[in-house]
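**Q** Got a structure for you, questions after.
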Amino acid sequence: LTHRPGRKRDFSPLSWSEYFEAMEDVEVENDNHGPVLLLLHGGGHSALSWAVFTAVIYNRINCRVVAMDLRAHGEWLTLPHDNTRSFWDIGKVVEALYGENPPPIMMIGHSMGGAIAVHTAAANHVPSLLGLCVIDVVEGTAMDALNSMQNFLRSRPKTFKSVENAIEWSVKSGQIRNVESARVSMGGQVKKCEEPLNSPGVSKSISDGIIEEEEEEEEEGESNHKRKKEDDQEVKETLYTWQIDLSKTEKYWEGWFSGLSALFLSCPVPKLLLLAGVDRLDKDLTIGQMQGKFQMQVLPQCGHAVHEDAPEKVADALASFMVRHKFTEFKEGFLW
C-alpha cells in the first residue's frame, strides 16, 4: 500500500458494534475454593456425623464440603435400603449438584460409607475424582465382624426417652467419645417413634429402653419412686428410636465388604487409609501398603467413629495428604 501525500490517515477508534452483534457481561466465579470433599457416613449414622470434622478441615485447607445422607439414613425420604443403588446414588447426587462438569472431588467414607466410596470410585460414578480416603473399614476385619453384628445391634437400647438421653448413652457407651460431636451427630441417628404408644412393639421397647442413671448421692425410697413415676409419664409422652433398623440390612452386608481390599487397591487415584488400630489391616492391604499403593495412618486412642472422636487428627492427616498431592493448598495464615 502506498500513502498518497497530503491525505491524513484516520486513527480514530471504531465501535465494536460495527463488527459484533452484542456485548454481554459474564460473571466468572474465581475458582479458588479448592476441591469438593464428598463425605459418606457409616451405617446408622447421617451426614451430621461429619459436622465437627467439617468445621476443622475447612479452617485448614481451601476446599468445599458436601456431606450427604446415604439411602434410608438421616433425612433421606422413605426409600428402602438398596445395596447396588447406594453406589449409583453418589454419582447422581454429584450430577444434580454440578451438572456435566463437576469440580475435582475427594471422596471420603467411614465404615459402610468407606465401602460405598470404594465401590463408587471403582465403578467410575464420579469421573472428576481426585482421591479416595477410607476410614476404619478393612475387608478382613469387617467380614469377621459380620457374625457378631446382630448381637451388637440387639445389645443397644431400642428406645430413648429424649434426644439428650440418646446423646448421653452414645458417650457413656463409648460409641462416640467426643461430646461435641455426639451432641450434633445423634440427632441424625434417632427419630420419634411412629407406632402408637400402646402397641406391643413399643411396650416391649420401653422396658428395654435406657433410663437416665440415678446419681449415686440421691436418696432412695419415696423420692426414687416418685421420680420413676415422673420418668414413666415422660416416656409415654415421647419416645425416640433408631432412624434406621440396621438389622434389616443384613442381606447387603457381605456385598459391601467382600472383595473390598482388592477393589480399593485397584482404584487408580491416590488413596489414604485411616485406621483406629493397626490390627485391622488384612493381608491384601498389608502387601499393598508395603508396595506403596496407598498411604496409611493409624490414629490410636480412637473408637470406630474416628472422625468424630478425633476430628482434628483426621483433618490433619487428610490436609497433609491433599496438599502433598497438590490437590489443594493450606489456608492463608494456617500454621502447619
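For the C-alpha cells, the naming scheme is as follows: chains receive sequential letters (A, B, ...) according to their order of presentation, residues are indexed from 1 within each chain, and ligands are indexed from 1 in presentation order.
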Which neighbours of A:Phe87 fall inside 7 Å, counting only C-alpha atoms, when residues of the same chain fewer than 3 positions from it are skipped, and could you give them as a list in words?
**A**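 Skipping anything fewer than 3 positions along the chain leaves Thr84, Ile90, Ile116, His119 and Thr120 of chain A.
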**Q** Which residues are near A:Gln189? Cut-off 8 Å, only C-alpha atoms, ignore same chain within fewer than 5 positions. Put them as number ranges by chain.
**A** A: 44-46, 73-74, 242-244
**Q** Quick one: write out the picked residues with N, CA, C and O atoms as a CSV table (one decimal), in the first residue's frame?
**A**
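For reference, result_32.csv as written:
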chain,number,residue,atom,x,y,z
A,44,GLY,N,-26.1,-46.4,59.9
A,44,GLY,CA,-26.8,-46.0,61.1
A,44,GLY,C,-26.6,-44.5,61.4
A,44,GLY,O,-27.4,-43.9,62.1
A,45,HIS,N,-25.6,-43.9,60.9
A,45,HIS,CA,-25.2,-42.5,61.1
A,45,HIS,C,-25.9,-41.6,60.1
A,45,HIS,O,-26.8,-42.1,59.3
A,46,SER,N,-25.5,-40.4,60.0
A,46,SER,CA,-26.0,-39.5,59.0
A,46,SER,C,-24.9,-38.5,58.6
A,46,SER,O,-23.8,-38.5,59.2
A,73,HIS,N,-31.0,-43.4,55.3
A,73,HIS,CA,-30.4,-42.8,56.5
A,73,HIS,C,-30.8,-41.3,56.6
A,73,HIS,O,-31.1,-40.6,55.6
A,74,GLY,N,-30.7,-40.8,57.8
A,74,GLY,CA,-30.9,-39.3,58.0
A,74,GLY,C,-32.2,-38.8,57.5
A,74,GLY,O,-33.2,-39.3,57.8
A,242,TRP,N,-34.3,-45.7,66.8
A,242,TRP,CA,-33.2,-45.5,65.8
A,242,TRP,C,-33.9,-45.1,64.4
A,242,TRP,O,-34.9,-45.6,64.0
A,243,GLN,N,-33.2,-44.3,63.7
A,243,GLN,CA,-33.7,-43.8,62.4
A,243,GLN,C,-33.8,-44.9,61.4
A,243,GLN,O,-34.7,-44.9,60.6
A,244,ILE,N,-32.9,-45.8,61.5
A,244,ILE,CA,-32.9,-47.0,60.5
A,244,ILE,C,-32.6,-48.3,61.3
A,244,ILE,O,-31.8,-48.3,62.3
**Q** Would you please work out which residue, of A:Ser148, A:Thr141, A:Gln291, A:Asn101, is nearest to A:Val278 when using only C-alpha atoms?
**A**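 Ranking A:Ser148, A:Thr141, A:Gln291, A:Asn101 by distance to A:Val278, first place goes to A:Thr141.
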**Q** Using only C-alpha atoms, which of A:Asp309, A:Glu139, A:Asp316, A:Glu254 sits nearest A:Asp282?
**A**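 Closest to A:Asp282, using only C-alpha atoms: A:Glu139.
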**Q** So that I can check the surroundings of A:Trp256, please list as a ChimeraX atom specification every protein, DNA and RNA residue that reaches within 9 Å of it, counting only C-alpha atoms and ignoring chain neighbours fewer than 3 positions away.
**A** /A:83,112,115-116,119,252-253,259-260
**Q** Within 7 Å of stretch 104-106 of chain A, counting only C-alpha atoms, which residues show up once you throw out same-chain ones fewer than 2 positions away? Write them as a list in words, please.
**A**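 The residues that qualify are Pro35, Val36, Leu37, Leu38, Pro102, Ile108, Ser128, Leu129, Leu130, Gly131 and Leu132 of chain A.
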**Q** What is the atom CA of A:Gly34-atom CA of A:Ser320 distance in Å, reported with one decimal?
**A** 14.4 Å
**Q** Which of stretch 37-123 of chain A end up as strand (DSSP E or B) when DSSP is run on this backbone - answer as a list in words?
**A**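 So the strand (DSSP E or B) residues in stretch 37-123 of chain A would be Leu37, Leu38, Leu39, Leu40, Ile61, Arg64, Val65, Val66, Ala67, Met68, Ile105, Met106, Met107, Ile108, Gly109 and His110 of chain A.
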**Q** Which distance in Å separates atom CA of A:Val314 and atom CA of A:Ser185, to one decimal?
**A** 16.8 Å
**Q** So what do you get for atom CA of A:Asn178 versus atom CA of A:Phe152, distance-wise?
**A**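 For atom CA of A:Asn178 relative to atom CA of A:Phe152, the distance reads 21.0 Å.
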**Q** List as an mmCIF file with all heavy atoms, in the first residue's frame the protein and nucleic acid residues near A:Gly91, meaning an atom at most 10 Å away when only C-alpha atoms are counted, but skip any in the same chain fewer than 4 places from it.
**A**
data_model
loop_
_atom_site.group_PDB
_atom_site.id
_atom_site.type_symbol
_atom_site.label_atom_id
_atom_site.label_comp_id
_atom_site.auth_asym_id
_atom_site.auth_seq_id
_atom_site.Cartn_x
_atom_site.Cartn_y
_atom_site.Cartn_z
ATOM 1 N N SER A 86 -27.074 -47.695 46.276
ATOM 2 C CA SER A 86 -26.290 -46.760 47.082
ATOM 3 C C SER A 86 -25.055 -46.292 46.324
ATOM 4 O O SER A 86 -24.670 -45.122 46.410
ATOM 5 C CB SER A 86 -25.881 -47.421 48.399
ATOM 6 O OG SER A 86 -27.001 -47.670 49.205
ATOM 7 N N PHE A 87 -24.419 -47.208 45.571
ATOM 8 C CA PHE A 87 -23.242 -46.829 44.790
ATOM 9 C C PHE A 87 -23.633 -45.845 43.683
ATOM 10 O O PHE A 87 -22.933 -44.872 43.419
ATOM 11 C CB PHE A 87 -22.574 -48.064 44.169
ATOM 12 C CG PHE A 87 -22.359 -49.200 45.131
ATOM 13 C CD1 PHE A 87 -22.414 -50.516 44.703
ATOM 14 C CD2 PHE A 87 -22.095 -48.962 46.473
ATOM 15 C CE1 PHE A 87 -22.212 -51.564 45.576
ATOM 16 C CE2 PHE A 87 -21.892 -50.008 47.357
ATOM 17 C CZ PHE A 87 -21.955 -51.310 46.905
ATOM 18 N N GLU A 95 -24.029 -35.283 40.073
ATOM 19 C CA GLU A 95 -24.590 -34.757 38.825
ATOM 20 C C GLU A 95 -25.660 -33.705 39.108
ATOM 21 O O GLU A 95 -25.725 -32.671 38.437
ATOM 22 C CB GLU A 95 -25.184 -35.900 38.007
ATOM 23 C CG GLU A 95 -25.726 -35.475 36.654
ATOM 24 C CD GLU A 95 -26.304 -36.645 35.864
ATOM 25 O OE1 GLU A 95 -25.910 -37.799 36.127
ATOM 26 O OE2 GLU A 95 -27.151 -36.386 34.990
ATOM 27 N N ALA A 96 -26.502 -33.960 40.126
ATOM 28 C CA ALA A 96 -27.552 -32.996 40.465
ATOM 29 C C ALA A 96 -26.966 -31.686 40.986
ATOM 30 O O ALA A 96 -27.499 -30.608 40.735
ATOM 31 C CB ALA A 96 -28.484 -33.603 41.510
ATOM 32 N N LEU A 97 -25.851 -31.776 41.695
ATOM 33 C CA LEU A 97 -25.226 -30.587 42.263
ATOM 34 C C LEU A 97 -24.455 -29.784 41.231
ATOM 35 O O LEU A 97 -24.484 -28.548 41.238
ATOM 36 C CB LEU A 97 -24.286 -30.987 43.406
ATOM 37 C CG LEU A 97 -24.915 -31.432 44.723
ATOM 38 C CD1 LEU A 97 -23.847 -31.958 45.669
ATOM 39 C CD2 LEU A 97 -25.669 -30.277 45.381
ATOM 40 N N THR A 120 -18.030 -46.990 44.539
ATOM 41 C CA THR A 120 -18.370 -45.854 43.678
ATOM 42 C C THR A 120 -17.171 -45.435 42.830
ATOM 43 O O THR A 120 -17.297 -45.176 41.627
ATOM 44 C CB THR A 120 -18.856 -44.671 44.532
ATOM 45 O OG1 THR A 120 -19.988 -45.082 45.310
ATOM 46 C CG2 THR A 120 -19.253 -43.492 43.656
ATOM 47 N N ALA A 121 -15.997 -45.384 43.470
ATOM 48 C CA ALA A 121 -14.776 -44.994 42.749
ATOM 49 C C ALA A 121 -14.407 -46.036 41.701
ATOM 50 O O ALA A 121 -14.051 -45.692 40.574
ATOM 51 C CB ALA A 121 -13.630 -44.810 43.744
ATOM 52 N N ALA A 123 -16.306 -48.047 40.112
ATOM 53 C CA ALA A 123 -17.267 -48.046 39.003
ATOM 54 C C ALA A 123 -17.244 -46.736 38.221
ATOM 55 O O ALA A 123 -18.021 -46.564 37.279
ATOM 56 C CB ALA A 123 -18.674 -48.301 39.542
ATOM 57 N N ASN A 124 -16.378 -45.800 38.631
ATOM 58 C CA ASN A 124 -16.223 -44.505 37.947
ATOM 59 C C ASN A 124 -17.524 -43.711 37.903
ATOM 60 O O ASN A 124 -17.825 -43.030 36.916
ATOM 61 C CB ASN A 124 -15.681 -44.698 36.531
ATOM 62 C CG ASN A 124 -15.108 -43.403 35.951
ATOM 63 O OD1 ASN A 124 -14.580 -42.577 36.688
ATOM 64 N ND2 ASN A 124 -15.224 -43.224 34.645
ATOM 65 N N HIS A 125 -18.300 -43.786 38.986
ATOM 66 C CA HIS A 125 -19.527 -42.991 39.052
ATOM 67 C C HIS A 125 -19.231 -41.509 39.290
ATOM 68 O O HIS A 125 -20.124 -40.668 39.118
ATOM 69 C CB HIS A 125 -20.433 -43.516 40.171
ATOM 70 C CG HIS A 125 -21.080 -44.828 39.860
ATOM 71 N ND1 HIS A 125 -21.703 -45.082 38.657
ATOM 72 C CD2 HIS A 125 -21.213 -45.967 40.591
ATOM 73 C CE1 HIS A 125 -22.187 -46.319 38.653
ATOM 74 N NE2 HIS A 125 -21.902 -46.871 39.814
ATOM 75 N N VAL A 126 -17.992 -41.200 39.727
ATOM 76 C CA VAL A 126 -17.582 -39.805 39.930
ATOM 77 C C VAL A 126 -16.361 -39.560 39.046
ATOM 78 O O VAL A 126 -15.222 -39.733 39.475
ATOM 79 C CB VAL A 126 -17.255 -39.527 41.415
ATOM 80 C CG1 VAL A 126 -16.860 -38.069 41.621
ATOM 81 C CG2 VAL A 126 -18.446 -39.877 42.307
ATOM 82 N N PRO A 127 -16.568 -39.167 37.799
ATOM 83 C CA PRO A 127 -15.449 -39.065 36.843
ATOM 84 C C PRO A 127 -14.409 -38.003 37.201
ATOM 85 O O PRO A 127 -13.275 -38.071 36.729
ATOM 86 C CB PRO A 127 -16.144 -38.732 35.516
ATOM 87 C CG PRO A 127 -17.493 -38.230 35.887
ATOM 88 C CD PRO A 127 -17.870 -38.901 37.156
#
**Q** Taking into account only C-alpha atoms, which residue in the set A:Pro300, A:Pro270, A:Gly277, A:Pro157 is nearest to A:Leu239?
**A** A:Pro157
**Q** Residues near A:Gly303, anyone? I mean within 10 Å using only C-alpha atoms, not counting same-chain ones fewer than 5 positions away, as a PyMOL selection string.
**A** chain A and resi 136+174-178+275-277+308-310
**Q** Could the residues in this selection be written to a file with N, CA, C and O atoms, as a PDB file, in the first residue's frame?
**A**
ATOM      1  N   ASP A 136     -11.382 -46.485  58.728  1.00  0.00           N
ATOM      2  CA  ASP A 136     -11.631 -47.615  59.631  1.00  0.00           C
ATOM      3  C   ASP A 136     -12.585 -48.670  59.063  1.00  0.00           C
ATOM      4  O   ASP A 136     -13.517 -49.105  59.736  1.00  0.00           O
ATOM      5  N   GLY A 174     -19.361 -45.315  74.821  1.00  0.00           N
ATOM      6  CA  GLY A 174     -18.147 -45.272  74.023  1.00  0.00           C
ATOM      7  C   GLY A 174     -18.386 -45.310  72.530  1.00  0.00           C
ATOM      8  O   GLY A 174     -17.424 -45.377  71.748  1.00  0.00           O
ATOM      9  N   GLN A 175     -19.645 -45.255  72.083  1.00  0.00           N
ATOM     10  CA  GLN A 175     -19.911 -45.259  70.647  1.00  0.00           C
ATOM     11  C   GLN A 175     -19.344 -44.006  69.990  1.00  0.00           C
ATOM     12  O   GLN A 175     -18.825 -44.046  68.882  1.00  0.00           O
ATOM     13  N   ILE A 176     -19.472 -42.881  70.679  1.00  0.00           N
ATOM     14  CA  ILE A 176     -18.863 -41.620  70.245  1.00  0.00           C
ATOM     15  C   ILE A 176     -18.152 -41.052  71.462  1.00  0.00           C
ATOM     16  O   ILE A 176     -18.783 -40.830  72.499  1.00  0.00           O
ATOM     17  N   ARG A 177     -16.881 -40.785  71.351  1.00  0.00           N
ATOM     18  CA  ARG A 177     -16.106 -40.350  72.507  1.00  0.00           C
ATOM     19  C   ARG A 177     -15.946 -38.835  72.600  1.00  0.00           C
ATOM     20  O   ARG A 177     -15.356 -38.336  73.549  1.00  0.00           O
ATOM     21  N   ASN A 178     -16.446 -38.146  71.624  1.00  0.00           N
ATOM     22  CA  ASN A 178     -16.359 -36.689  71.577  1.00  0.00           C
ATOM     23  C   ASN A 178     -17.755 -36.126  71.858  1.00  0.00           C
ATOM     24  O   ASN A 178     -18.673 -36.287  71.061  1.00  0.00           O
ATOM     25  N   LEU A 275      -6.964 -45.678  60.119  1.00  0.00           N
ATOM     26  CA  LEU A 275      -7.433 -46.770  60.970  1.00  0.00           C
ATOM     27  C   LEU A 275      -7.320 -46.405  62.439  1.00  0.00           C
ATOM     28  O   LEU A 275      -6.443 -45.627  62.843  1.00  0.00           O
ATOM     29  N   ALA A 276      -8.209 -47.000  63.245  1.00  0.00           N
ATOM     30  CA  ALA A 276      -8.147 -46.804  64.690  1.00  0.00           C
ATOM     31  C   ALA A 276      -7.114 -47.727  65.329  1.00  0.00           C
ATOM     32  O   ALA A 276      -6.717 -47.511  66.469  1.00  0.00           O
ATOM     33  N   GLY A 277      -6.696 -48.760  64.600  1.00  0.00           N
ATOM     34  CA  GLY A 277      -5.700 -49.698  65.129  1.00  0.00           C
ATOM     35  C   GLY A 277      -5.049 -50.473  64.005  1.00  0.00           C
ATOM     36  O   GLY A 277      -5.693 -50.821  63.018  1.00  0.00           O
ATOM     37  N   GLU A 308     -15.230 -38.652  64.314  1.00  0.00           N
ATOM     38  CA  GLU A 308     -15.978 -37.976  65.366  1.00  0.00           C
ATOM     39  C   GLU A 308     -15.157 -37.880  66.642  1.00  0.00           C
ATOM     40  O   GLU A 308     -15.163 -36.857  67.324  1.00  0.00           O
ATOM     41  N   ASP A 309     -14.446 -38.954  66.978  1.00  0.00           N
ATOM     42  CA  ASP A 309     -13.651 -38.970  68.205  1.00  0.00           C
ATOM     43  C   ASP A 309     -12.465 -38.018  68.134  1.00  0.00           C
ATOM     44  O   ASP A 309     -12.110 -37.368  69.115  1.00  0.00           O
ATOM     45  N   ALA A 310     -11.811 -37.950  66.980  1.00  0.00           N
ATOM     46  CA  ALA A 310     -10.597 -37.134  66.830  1.00  0.00           C
ATOM     47  C   ALA A 310     -10.650 -36.348  65.523  1.00  0.00           C
ATOM     48  O   ALA A 310      -9.846 -36.570  64.612  1.00  0.00           O
TER      49      ALA A 310
END
**Q** I need the residues in stretch 9-182 of chain A that are helix (DSSP H, G or I) according to DSSP; give them as a short mmCIF file (atom, residue, chain, number, x, y, z; two decimals) with N, CA and C atoms, in the first residue's frame.
**A**
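Output file states31.cif follows:
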data_model
loop_
_atom_site.label_atom_id
_atom_site.label_comp_id
_atom_site.auth_asym_id
_atom_site.auth_seq_id
_atom_site.Cartn_x
_atom_site.Cartn_y
_atom_site.Cartn_z
N TRP A 16 -17.12 -1.32 18.44
CA TRP A 16 -17.21 -2.78 18.30
C TRP A 16 -18.49 -3.20 17.60
N SER A 17 -19.54 -2.35 17.69
CA SER A 17 -20.85 -2.71 17.14
C SER A 17 -20.84 -2.85 15.62
N GLU A 18 -19.78 -2.33 14.99
CA GLU A 18 -19.69 -2.50 13.55
C GLU A 18 -19.24 -3.91 13.18
N ALA A 47 -25.26 -37.58 57.70
CA ALA A 47 -24.28 -36.56 57.30
C ALA A 47 -23.81 -35.73 58.49
N LEU A 48 -24.64 -35.67 59.54
CA LEU A 48 -24.27 -34.88 60.71
C LEU A 48 -23.06 -35.43 61.45
N SER A 49 -22.70 -36.68 61.19
CA SER A 49 -21.53 -37.24 61.86
C SER A 49 -20.25 -36.54 61.43
N TRP A 50 -20.31 -35.78 60.33
CA TRP A 50 -19.14 -35.07 59.81
C TRP A 50 -19.10 -33.61 60.27
N ALA A 51 -20.04 -33.18 61.09
CA ALA A 51 -20.19 -31.76 61.40
C ALA A 51 -18.92 -31.15 62.00
N VAL A 52 -18.41 -31.73 63.07
CA VAL A 52 -17.24 -31.15 63.74
C VAL A 52 -16.01 -31.24 62.84
N PHE A 53 -15.84 -32.37 62.18
CA PHE A 53 -14.72 -32.54 61.24
C PHE A 53 -14.77 -31.46 60.16
N THR A 54 -15.96 -31.18 59.64
CA THR A 54 -16.10 -30.19 58.57
C THR A 54 -15.60 -28.81 59.01
N ALA A 55 -16.00 -28.41 60.22
CA ALA A 55 -15.56 -27.12 60.74
C ALA A 55 -14.04 -27.06 60.85
N VAL A 56 -13.42 -28.18 61.22
CA VAL A 56 -11.97 -28.23 61.40
C VAL A 56 -11.25 -28.20 60.05
N ILE A 57 -11.65 -29.07 59.12
CA ILE A 57 -10.93 -29.17 57.85
C ILE A 57 -11.09 -27.90 57.03
N TYR A 58 -12.23 -27.24 57.15
CA TYR A 58 -12.47 -26.02 56.37
C TYR A 58 -11.53 -24.90 56.80
N ASN A 83 -28.47 -52.05 48.24
CA ASN A 83 -27.01 -52.12 48.18
C ASN A 83 -26.46 -51.49 46.91
N THR A 84 -26.89 -51.99 45.75
CA THR A 84 -26.31 -51.50 44.49
C THR A 84 -26.72 -50.07 44.20
N ARG A 85 -27.94 -49.68 44.58
CA ARG A 85 -28.40 -48.32 44.32
C ARG A 85 -27.59 -47.30 45.11
N SER A 86 -27.07 -47.69 46.28
CA SER A 86 -26.29 -46.76 47.08
C SER A 86 -25.06 -46.29 46.32
N PHE A 87 -24.42 -47.21 45.57
CA PHE A 87 -23.24 -46.83 44.79
C PHE A 87 -23.63 -45.85 43.68
N TRP A 88 -24.76 -46.11 43.06
CA TRP A 88 -25.26 -45.29 41.96
C TRP A 88 -25.70 -43.92 42.46
N ASP A 89 -26.24 -43.88 43.70
CA ASP A 89 -26.73 -42.62 44.26
C ASP A 89 -25.66 -41.54 44.29
N ILE A 90 -24.44 -41.92 44.61
CA ILE A 90 -23.38 -40.93 44.80
C ILE A 90 -23.18 -40.13 43.51
N GLY A 91 -23.04 -40.86 42.40
CA GLY A 91 -22.85 -40.19 41.12
C GLY A 91 -24.02 -39.29 40.76
N LYS A 92 -25.24 -39.74 41.09
CA LYS A 92 -26.43 -38.95 40.76
C LYS A 92 -26.50 -37.67 41.59
N VAL A 93 -26.07 -37.75 42.85
CA VAL A 93 -26.05 -36.55 43.69
C VAL A 93 -25.02 -35.55 43.15
N VAL A 94 -23.84 -36.03 42.75
CA VAL A 94 -22.83 -35.15 42.17
C VAL A 94 -23.36 -34.50 40.90
N GLU A 95 -24.03 -35.28 40.07
CA GLU A 95 -24.59 -34.76 38.82
C GLU A 95 -25.66 -33.70 39.11
N ALA A 96 -26.50 -33.96 40.13
CA ALA A 96 -27.55 -33.00 40.47
C ALA A 96 -26.97 -31.69 40.99
N LEU A 97 -25.85 -31.78 41.69
CA LEU A 97 -25.23 -30.59 42.26
C LEU A 97 -24.45 -29.78 41.23
N TYR A 98 -23.74 -30.49 40.34
CA TYR A 98 -22.76 -29.80 39.49
C TYR A 98 -22.97 -29.99 37.99
N MET A 112 -19.24 -48.28 56.60
CA MET A 112 -20.07 -48.61 55.45
C MET A 112 -19.91 -47.58 54.35
N GLY A 113 -19.81 -46.31 54.74
CA GLY A 113 -19.60 -45.23 53.75
C GLY A 113 -18.28 -45.37 53.03
N GLY A 114 -17.26 -45.91 53.74
CA GLY A 114 -15.98 -46.17 53.09
C GLY A 114 -16.09 -47.25 52.04
N ALA A 115 -16.85 -48.31 52.36
CA ALA A 115 -17.06 -49.38 51.39
C ALA A 115 -17.81 -48.85 50.17
N ILE A 116 -18.84 -48.04 50.41
CA ILE A 116 -19.61 -47.46 49.30
C ILE A 116 -18.73 -46.54 48.47
N ALA A 117 -17.84 -45.79 49.12
CA ALA A 117 -16.92 -44.91 48.40
C ALA A 117 -16.01 -45.71 47.47
N VAL A 118 -15.50 -46.84 47.95
CA VAL A 118 -14.62 -47.69 47.13
C VAL A 118 -15.37 -48.22 45.92
N HIS A 119 -16.57 -48.76 46.14
CA HIS A 119 -17.37 -49.28 45.02
C HIS A 119 -17.71 -48.17 44.03
N THR A 120 -18.03 -46.99 44.54
CA THR A 120 -18.37 -45.85 43.68
C THR A 120 -17.17 -45.44 42.83
N ALA A 121 -16.00 -45.38 43.47
CA ALA A 121 -14.78 -44.99 42.75
C ALA A 121 -14.41 -46.04 41.70
N ALA A 122 -14.50 -47.31 42.07
CA ALA A 122 -14.12 -48.38 41.14
C ALA A 122 -15.04 -48.42 39.92
N GLU A 139 -11.57 -55.09 54.72
CA GLU A 139 -12.35 -56.27 54.37
C GLU A 139 -12.24 -57.39 55.39
N GLY A 140 -11.02 -57.74 55.78
CA GLY A 140 -10.84 -58.89 56.66
C GLY A 140 -11.56 -58.75 57.98
N THR A 141 -11.34 -57.65 58.68
CA THR A 141 -11.97 -57.46 59.98
C THR A 141 -13.47 -57.22 59.83
N ALA A 142 -13.89 -56.56 58.77
CA ALA A 142 -15.32 -56.32 58.56
C ALA A 142 -16.06 -57.63 58.33
N MET A 143 -15.50 -58.51 57.51
CA MET A 143 -16.15 -59.81 57.26
C MET A 143 -16.19 -60.65 58.53
N ASP A 144 -15.11 -60.59 59.33
CA ASP A 144 -15.09 -61.35 60.58
C ASP A 144 -16.14 -60.84 61.56
N ALA A 145 -16.40 -59.54 61.51
CA ALA A 145 -17.33 -58.93 62.47
C ALA A 145 -18.79 -59.16 62.11
N LEU A 146 -19.07 -59.59 60.89
CA LEU A 146 -20.47 -59.73 60.48
C LEU A 146 -21.22 -60.75 61.32
N ASN A 147 -20.54 -61.80 61.75
CA ASN A 147 -21.21 -62.83 62.54
C ASN A 147 -21.72 -62.31 63.88
N SER A 148 -21.05 -61.32 64.41
CA SER A 148 -21.44 -60.80 65.73
C SER A 148 -22.24 -59.49 65.61
N MET A 149 -22.49 -59.04 64.40
CA MET A 149 -23.14 -57.74 64.23
C MET A 149 -24.56 -57.73 64.79
N GLN A 150 -25.32 -58.77 64.55
CA GLN A 150 -26.69 -58.80 65.05
C GLN A 150 -26.72 -58.78 66.57
N ASN A 151 -25.77 -59.48 67.20
CA ASN A 151 -25.71 -59.45 68.66
C ASN A 151 -25.41 -58.04 69.16
N PHE A 152 -24.52 -57.35 68.47
CA PHE A 152 -24.21 -55.97 68.85
C PHE A 152 -25.44 -55.08 68.72
N LEU A 153 -26.16 -55.23 67.61
CA LEU A 153 -27.34 -54.39 67.41
C LEU A 153 -28.41 -54.68 68.45
N ARG A 154 -28.55 -55.96 68.85
CA ARG A 154 -29.53 -56.30 69.88
C ARG A 154 -29.14 -55.75 71.25
N SER A 155 -27.85 -55.53 71.45
CA SER A 155 -27.39 -55.04 72.75
C SER A 155 -27.66 -53.55 72.95
N VAL A 163 -33.75 -37.03 73.00
CA VAL A 163 -32.51 -36.97 72.22
C VAL A 163 -31.32 -36.82 73.17
N GLU A 164 -31.50 -36.03 74.24
CA GLU A 164 -30.44 -35.88 75.23
C GLU A 164 -30.06 -37.23 75.83
N ASN A 165 -31.05 -38.05 76.08
CA ASN A 165 -30.83 -39.39 76.62
C ASN A 165 -30.00 -40.24 75.64
N ALA A 166 -30.30 -40.09 74.34
CA ALA A 166 -29.55 -40.83 73.32
C ALA A 166 -28.10 -40.34 73.25
N ILE A 167 -27.91 -39.03 73.36
CA ILE A 167 -26.56 -38.47 73.34
C ILE A 167 -25.77 -39.00 74.54
N GLU A 168 -26.41 -38.98 75.70
CA GLU A 168 -25.75 -39.47 76.91
C GLU A 168 -25.33 -40.93 76.75
N TRP A 169 -26.23 -41.74 76.20
CA TRP A 169 -25.90 -43.16 76.01
C TRP A 169 -24.72 -43.32 75.05
N SER A 170 -24.73 -42.56 73.96
CA SER A 170 -23.66 -42.71 72.96
C SER A 170 -22.29 -42.41 73.54
N VAL A 171 -22.22 -41.43 74.43
CA VAL A 171 -20.94 -41.06 75.03
C VAL A 171 -20.54 -42.06 76.11
N LYS A 172 -21.49 -42.40 77.00
CA LYS A 172 -21.16 -43.30 78.12
C LYS A 172 -20.88 -44.72 77.63
N VAL A 179 -17.90 -35.47 73.01
CA VAL A 179 -19.22 -34.99 73.42
C VAL A 179 -19.80 -33.99 72.42
N GLU A 180 -18.97 -33.08 71.93
CA GLU A 180 -19.46 -32.09 70.97
C GLU A 180 -20.02 -32.76 69.72
N SER A 181 -19.29 -33.74 69.21
CA SER A 181 -19.75 -34.44 68.01
C SER A 181 -21.03 -35.21 68.28
N ALA A 182 -21.09 -35.86 69.44
CA ALA A 182 -22.29 -36.62 69.80
C ALA A 182 -23.52 -35.72 69.87
#
**Q** Please determine, counting only C-alpha atoms, which residue among A:Glu21, A:Glu312, A:Asp284, A:Glu329 has the shortest atom-to-atom distance to A:Val138.
**A**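 Going through A:Glu21, A:Glu312, A:Asp284, A:Glu329 one by one, the smallest distance to A:Val138 is for A:Asp284.
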